[in-house]
file query16.cif (mmCIF, C-alpha atoms and all ligand atoms)
data_run
loop_
_atom_site.label_atom_id
_atom_site.label_comp_id
_atom_site.auth_asym_id
_atom_site.auth_seq_id
_atom_site.Cartn_x
_atom_site.Cartn_y
_atom_site.Cartn_z
CA MET A 1 -15.29 -100.27 -12.21
CA PRO A 2 -17.90 -97.51 -11.82
CA THR A 3 -16.95 -94.16 -10.36
CA ILE A 4 -19.38 -92.90 -7.75
CA ARG A 5 -19.46 -89.16 -7.09
CA PHE A 6 -20.51 -88.55 -3.51
CA LEU A 7 -21.68 -84.99 -2.98
CA LEU A 8 -21.04 -84.22 0.66
CA ALA A 9 -23.37 -82.20 2.86
CA GLY A 10 -20.89 -79.31 2.95
CA GLY A 11 -20.82 -79.07 -0.84
CA ALA A 12 -17.58 -80.92 -1.59
CA GLU A 13 -17.45 -83.84 -4.00
CA LEU A 14 -15.65 -87.10 -3.32
CA ALA A 15 -15.31 -89.40 -6.34
CA VAL A 16 -14.44 -93.03 -5.58
CA GLU A 17 -13.98 -96.24 -7.52
CA ALA A 18 -16.67 -98.76 -6.63
CA GLN A 19 -16.89 -102.50 -7.10
CA ASN A 20 -19.90 -103.89 -8.92
CA GLY A 21 -22.13 -105.88 -6.60
CA ARG A 22 -21.17 -103.99 -3.45
CA THR A 23 -23.77 -101.64 -2.05
CA LEU A 24 -23.48 -97.89 -2.18
CA MET A 25 -23.33 -97.90 1.62
CA GLU A 26 -20.42 -100.39 1.66
CA THR A 27 -18.65 -98.28 -0.94
CA ALA A 28 -19.10 -95.16 1.16
CA LEU A 29 -17.77 -96.85 4.31
CA GLU A 30 -14.77 -98.31 2.48
CA HIS A 31 -13.83 -94.80 1.41
CA SER A 32 -14.71 -93.10 4.71
CA VAL A 33 -17.34 -90.91 3.08
CA PRO A 34 -18.62 -88.49 5.73
CA GLY A 35 -22.32 -88.63 6.52
CA ILE A 36 -22.88 -92.34 5.87
CA ILE A 37 -23.03 -93.99 9.28
CA ALA A 38 -24.81 -97.31 8.64
CA GLU A 39 -25.63 -98.14 12.25
CA CYS A 40 -27.56 -101.28 11.31
CA ASN A 41 -24.84 -102.48 8.93
CA GLY A 42 -27.11 -102.73 5.94
CA SER A 43 -30.30 -104.23 7.37
CA ALA A 44 -32.48 -101.32 6.26
CA ALA A 45 -33.27 -100.66 9.91
CA CYS A 46 -31.57 -97.37 10.79
CA ALA A 47 -31.82 -94.92 7.86
CA THR A 48 -28.35 -93.54 8.69
CA CYS A 49 -27.25 -94.36 5.15
CA HIS A 50 -29.74 -91.98 3.52
CA VAL A 51 -28.71 -90.60 0.11
CA VAL A 52 -30.48 -88.63 -2.59
CA LEU A 53 -30.17 -89.74 -6.19
CA PRO A 54 -30.94 -87.81 -9.38
CA ASP A 55 -34.42 -88.42 -10.78
CA GLU A 56 -33.13 -89.80 -14.08
CA ILE A 57 -31.35 -92.70 -12.41
CA LEU A 58 -34.17 -93.89 -10.16
CA SER A 59 -36.01 -95.87 -12.83
CA ALA A 60 -32.80 -97.75 -13.72
CA LEU A 61 -32.46 -99.14 -10.18
CA GLU A 62 -34.24 -101.92 -8.35
CA PRO A 63 -37.55 -100.47 -7.21
CA ILE A 64 -37.82 -99.30 -3.64
CA SER A 65 -39.29 -101.89 -1.28
CA GLU A 66 -42.16 -101.12 1.05
CA HIS A 67 -39.83 -101.55 4.04
CA GLU A 68 -37.20 -99.17 2.64
CA ASN A 69 -39.95 -96.72 1.80
CA ASP A 70 -41.20 -96.82 5.39
CA MET A 71 -37.69 -96.50 6.86
CA LEU A 72 -36.93 -93.36 4.88
CA ASP A 73 -39.55 -91.58 6.95
CA PHE A 74 -37.18 -92.02 9.93
CA ALA A 75 -34.11 -90.52 8.25
CA GLU A 76 -32.60 -87.56 10.08
CA ALA A 77 -32.50 -85.34 7.00
CA PRO A 78 -35.83 -84.53 5.39
CA ARG A 79 -36.93 -87.01 2.78
CA GLU A 80 -36.76 -85.93 -0.87
CA PRO A 81 -38.15 -87.43 -4.11
CA GLY A 82 -34.79 -89.11 -4.86
CA SER A 83 -34.22 -90.39 -1.33
CA ARG A 84 -33.00 -93.98 -0.97
CA LEU A 85 -31.18 -96.07 1.62
CA SER A 86 -27.71 -96.58 0.19
CA CYS A 87 -27.49 -100.04 1.77
CA GLN A 88 -30.26 -101.21 -0.53
CA ILE A 89 -28.61 -100.13 -3.77
CA LYS A 90 -26.11 -102.36 -5.53
CA VAL A 91 -23.33 -100.73 -7.50
CA SER A 92 -23.53 -101.36 -11.22
CA ALA A 93 -22.60 -99.62 -14.46
CA VAL A 94 -25.76 -97.51 -14.35
CA LEU A 95 -24.29 -95.65 -11.36
CA ASP A 96 -21.06 -94.73 -13.15
CA ASN A 97 -20.43 -91.01 -12.69
CA VAL A 98 -23.76 -90.52 -10.99
CA ALA A 99 -23.87 -87.85 -8.29
CA VAL A 100 -25.00 -89.41 -5.01
CA ARG A 101 -25.88 -86.60 -2.63
CA ILE A 102 -25.64 -86.98 1.12
CA PRO A 103 -28.34 -84.70 2.57
CA ALA A 104 -27.50 -82.38 5.43
CA ALA A 105 -28.95 -83.65 8.71
FE1 LIG B 1 -29.04 -99.02 8.22
FE2 LIG B 1 -28.94 -98.67 5.59
S1 LIG B 1 -27.32 -99.13 6.92
S2 LIG B 1 -30.66 -98.57 6.88
#
call {"tool": "encode", "arguments": {"input": "query16.cif", "output": "structure tokens", "more": "lines below"}}
Ligand code: FES
result
Amino acid sequence: MPTIRFLLAGGAELAVEAQNGRTLMETALEHSVPGIIAECNGSAACATCHVVLPDEILSALEPISEHENDMLDFAEAPREPGSRLSCQIKVSAVLDNVAVRIPAA
């Protein structure tokens, strides 16, 4: 079971156990991680599940889709190079102990 380290907007860290195959967004909601709202419930249509991932992990994930890429432009917090929609990222071993930052809105 991978451990996901959510870095909250205020600077605190919340480490949670995640189930493989769930999305990062679902994991955040299950653990009441502040800052992940998920208004569209995972349809990649709201950008309220915006997270920022470290550069070194990006190439190990499914590539960003054109739709996700477009939606990130509507995120409340400014987009960064490691920005992704957490509803589009499945938990797997590659995310174990990775710091998933929730950008300040
Ligand atoms: Fe709406 Fe991810 S939950 S875009």
call {"tool": "residues_around", "arguments": {"input": "query16.cif", "residues": "segment 3-15 of chain A", "least_positions_apart": "2", "cutoff": "6 Å", "atoms": "only C-alpha atoms", "output": "mmCIF file with C-alpha atoms, in the coordinates of the input"}}
result
data_model
loop_
_atom_site.group_PDB
_atom_site.id
_atom_site.type_symbol
_atom_site.label_atom_id
_atom_site.label_comp_id
_atom_site.auth_asym_id
_atom_site.auth_seq_id
_atom_site.Cartn_x
_atom_site.Cartn_y
_atom_site.Cartn_z
ATOM 1 C CA GLU A 17 -13.980 -96.240 -7.520
ATOM 2 C CA ALA A 18 -16.670 -98.760 -6.630
ATOM 3 C CA ASP A 96 -21.060 -94.730 -13.150
ATOM 4 C CA ASN A 97 -20.430 -91.010 -12.690
ATOM 5 C CA VAL A 98 -23.760 -90.520 -10.990
ATOM 6 C CA ALA A 99 -23.870 -87.850 -8.290
ATOM 7 C CA VAL A 100 -25.000 -89.410 -5.010
ATOM 8 C CA ARG A 101 -25.880 -86.600 -2.630
ATOM 9 C CA ILE A 102 -25.640 -86.980 1.120
ATOM 10 C CA PRO A 103 -28.340 -84.700 2.570
ATOM 11 C CA ALA A 104 -27.500 -82.380 5.430
#
call {"tool": "residues_near_ligand", "arguments": {"input": "query16.cif", "ligand": "ligand LIG 1 (chain B)", "cutoff": "6 Å", "atoms": "all atoms listed in the file", "output": "ChimeraX atom specification"}}
result
/A:38-49,85-87
call {"tool": "atom_distance", "arguments": {"input": "query16.cif", "atom1": "atom CA of Leu58 of chain A", "atom2": "atom CA of Ile37 of chain A"}}
result
22.4 Å
call {"tool": "residues_around", "arguments": {"input": "query16.cif", "residues": "Arg84 of chain A", "least_positions_apart": "3", "cutoff": "7 Å", "atoms": "all atoms listed in the file", "output": "list in words"}}
result
His50, Val51 and Val52 of chain A
call {"tool": "atom_distance", "arguments": {"input": "query16.cif", "atom1": "atom CA of Lys90 of chain A", "atom2": "atom CA of Leu24 of chain A"}}
result
6.2 Å
call {"tool": "atom_distance", "arguments": {"input": "query16.cif", "atom1": "atom CA of Gly21 of chain A", "atom2": "atom CA of Met1 of chain A"}}
result
10.5 Å
call {"tool": "closest_residue", "arguments": {"input": "query16.cif", "among": "A:Val33, A:Leu72, A:Leu95, A:Met25", "to": "Glu56 of chain A", "atoms": "only C-alpha atoms"}}
result
A:Leu95
call {"tool": "closest_residue", "arguments": {"input": "query16.cif", "among": "A:Val16, A:Leu61, A:Ile36, A:Ala105", "to": "Ser92 of chain A", "atoms": "only C-alpha atoms"}}
result
A:Leu61
call {"tool": "build_atoms", "arguments": {"input": "query16.cif", "residues": "segment 60-81 of chain A", "atoms": "N, CA, C and O atoms", "output": "CSV table (one decimal), in the frame of the given file"}}
result
chain,number,residue,atom,x,y,z
A,60,ALA,N,-33.8,-96.7,-13.3
A,60,ALA,CA,-32.8,-97.8,-13.7
A,60,ALA,C,-32.4,-98.7,-12.6
A,60,ALA,O,-31.7,-99.6,-12.8
A,61,LEU,N,-32.8,-98.4,-11.4
A,61,LEU,CA,-32.5,-99.1,-10.2
A,61,LEU,C,-33.6,-100.1,-9.8
A,61,LEU,O,-34.7,-100.0,-10.3
A,62,GLU,N,-33.2,-101.1,-8.9
A,62,GLU,CA,-34.2,-101.9,-8.4
A,62,GLU,C,-35.3,-101.0,-7.7
A,62,GLU,O,-34.9,-100.1,-7.0
A,63,PRO,N,-36.5,-101.3,-7.8
A,63,PRO,CA,-37.6,-100.5,-7.2
A,63,PRO,C,-37.4,-100.5,-5.7
A,63,PRO,O,-37.0,-101.5,-5.1
A,64,ILE,N,-37.9,-99.4,-5.1
A,64,ILE,CA,-37.8,-99.3,-3.6
A,64,ILE,C,-38.8,-100.3,-3.0
A,64,ILE,O,-39.9,-100.5,-3.5
A,65,SER,N,-38.4,-101.0,-1.9
A,65,SER,CA,-39.3,-101.9,-1.3
A,65,SER,C,-40.2,-101.1,-0.3
A,65,SER,O,-39.9,-100.0,0.1
A,66,GLU,N,-41.2,-101.8,0.1
A,66,GLU,CA,-42.2,-101.1,1.0
A,66,GLU,C,-41.4,-100.8,2.4
A,66,GLU,O,-41.6,-99.8,3.0
A,67,HIS,N,-40.6,-101.7,2.8
A,67,HIS,CA,-39.8,-101.6,4.0
A,67,HIS,C,-38.9,-100.4,3.9
A,67,HIS,O,-38.8,-99.5,4.8
A,68,GLU,N,-38.1,-100.3,2.8
A,68,GLU,CA,-37.2,-99.2,2.6
A,68,GLU,C,-38.0,-97.9,2.6
A,68,GLU,O,-37.6,-96.9,3.2
A,69,ASN,N,-39.1,-97.9,1.9
A,69,ASN,CA,-40.0,-96.7,1.8
A,69,ASN,C,-40.4,-96.2,3.2
A,69,ASN,O,-40.3,-95.1,3.5
A,70,ASP,N,-40.8,-97.2,4.0
A,70,ASP,CA,-41.2,-96.8,5.4
A,70,ASP,C,-40.0,-96.3,6.2
A,70,ASP,O,-40.2,-95.3,6.9
A,71,MET,N,-38.9,-96.9,6.1
A,71,MET,CA,-37.7,-96.5,6.9
A,71,MET,C,-37.2,-95.1,6.5
A,71,MET,O,-36.7,-94.4,7.4
A,72,LEU,N,-37.4,-94.7,5.3
A,72,LEU,CA,-36.9,-93.4,4.9
A,72,LEU,C,-37.7,-92.3,5.6
A,72,LEU,O,-37.2,-91.1,5.8
A,73,ASP,N,-38.8,-92.6,6.1
A,73,ASP,CA,-39.6,-91.6,7.0
A,73,ASP,C,-38.8,-91.3,8.3
A,73,ASP,O,-39.1,-90.3,8.9
A,74,PHE,N,-37.9,-92.2,8.7
A,74,PHE,CA,-37.2,-92.0,9.9
A,74,PHE,C,-35.8,-91.4,9.7
A,74,PHE,O,-35.0,-91.3,10.7
A,75,ALA,N,-35.4,-91.1,8.5
A,75,ALA,CA,-34.1,-90.5,8.2
A,75,ALA,C,-34.0,-89.2,8.9
A,75,ALA,O,-35.0,-88.4,9.0
A,76,GLU,N,-32.8,-88.8,9.4
A,76,GLU,CA,-32.6,-87.6,10.1
A,76,GLU,C,-32.8,-86.4,9.2
A,76,GLU,O,-33.5,-85.4,9.5
A,77,ALA,N,-32.3,-86.4,8.0
A,77,ALA,CA,-32.5,-85.3,7.0
A,77,ALA,C,-33.9,-85.5,6.4
A,77,ALA,O,-34.3,-86.6,6.2
A,78,PRO,N,-34.5,-84.4,6.0
A,78,PRO,CA,-35.8,-84.5,5.4
A,78,PRO,C,-35.8,-85.4,4.1
A,78,PRO,O,-34.9,-85.3,3.3
A,79,ARG,N,-36.8,-86.2,4.0
A,79,ARG,CA,-36.9,-87.0,2.8
A,79,ARG,C,-37.2,-86.2,1.5
A,79,ARG,O,-37.9,-85.2,1.6
A,80,GLU,N,-36.6,-86.6,0.4
A,80,GLU,CA,-36.8,-85.9,-0.9
A,80,GLU,C,-37.2,-86.9,-1.9
A,80,GLU,O,-37.1,-88.2,-1.7
A,81,PRO,N,-37.7,-86.5,-3.1
A,81,PRO,CA,-38.2,-87.4,-4.1
A,81,PRO,C,-37.1,-88.5,-4.5
A,81,PRO,O,-37.5,-89.6,-4.8
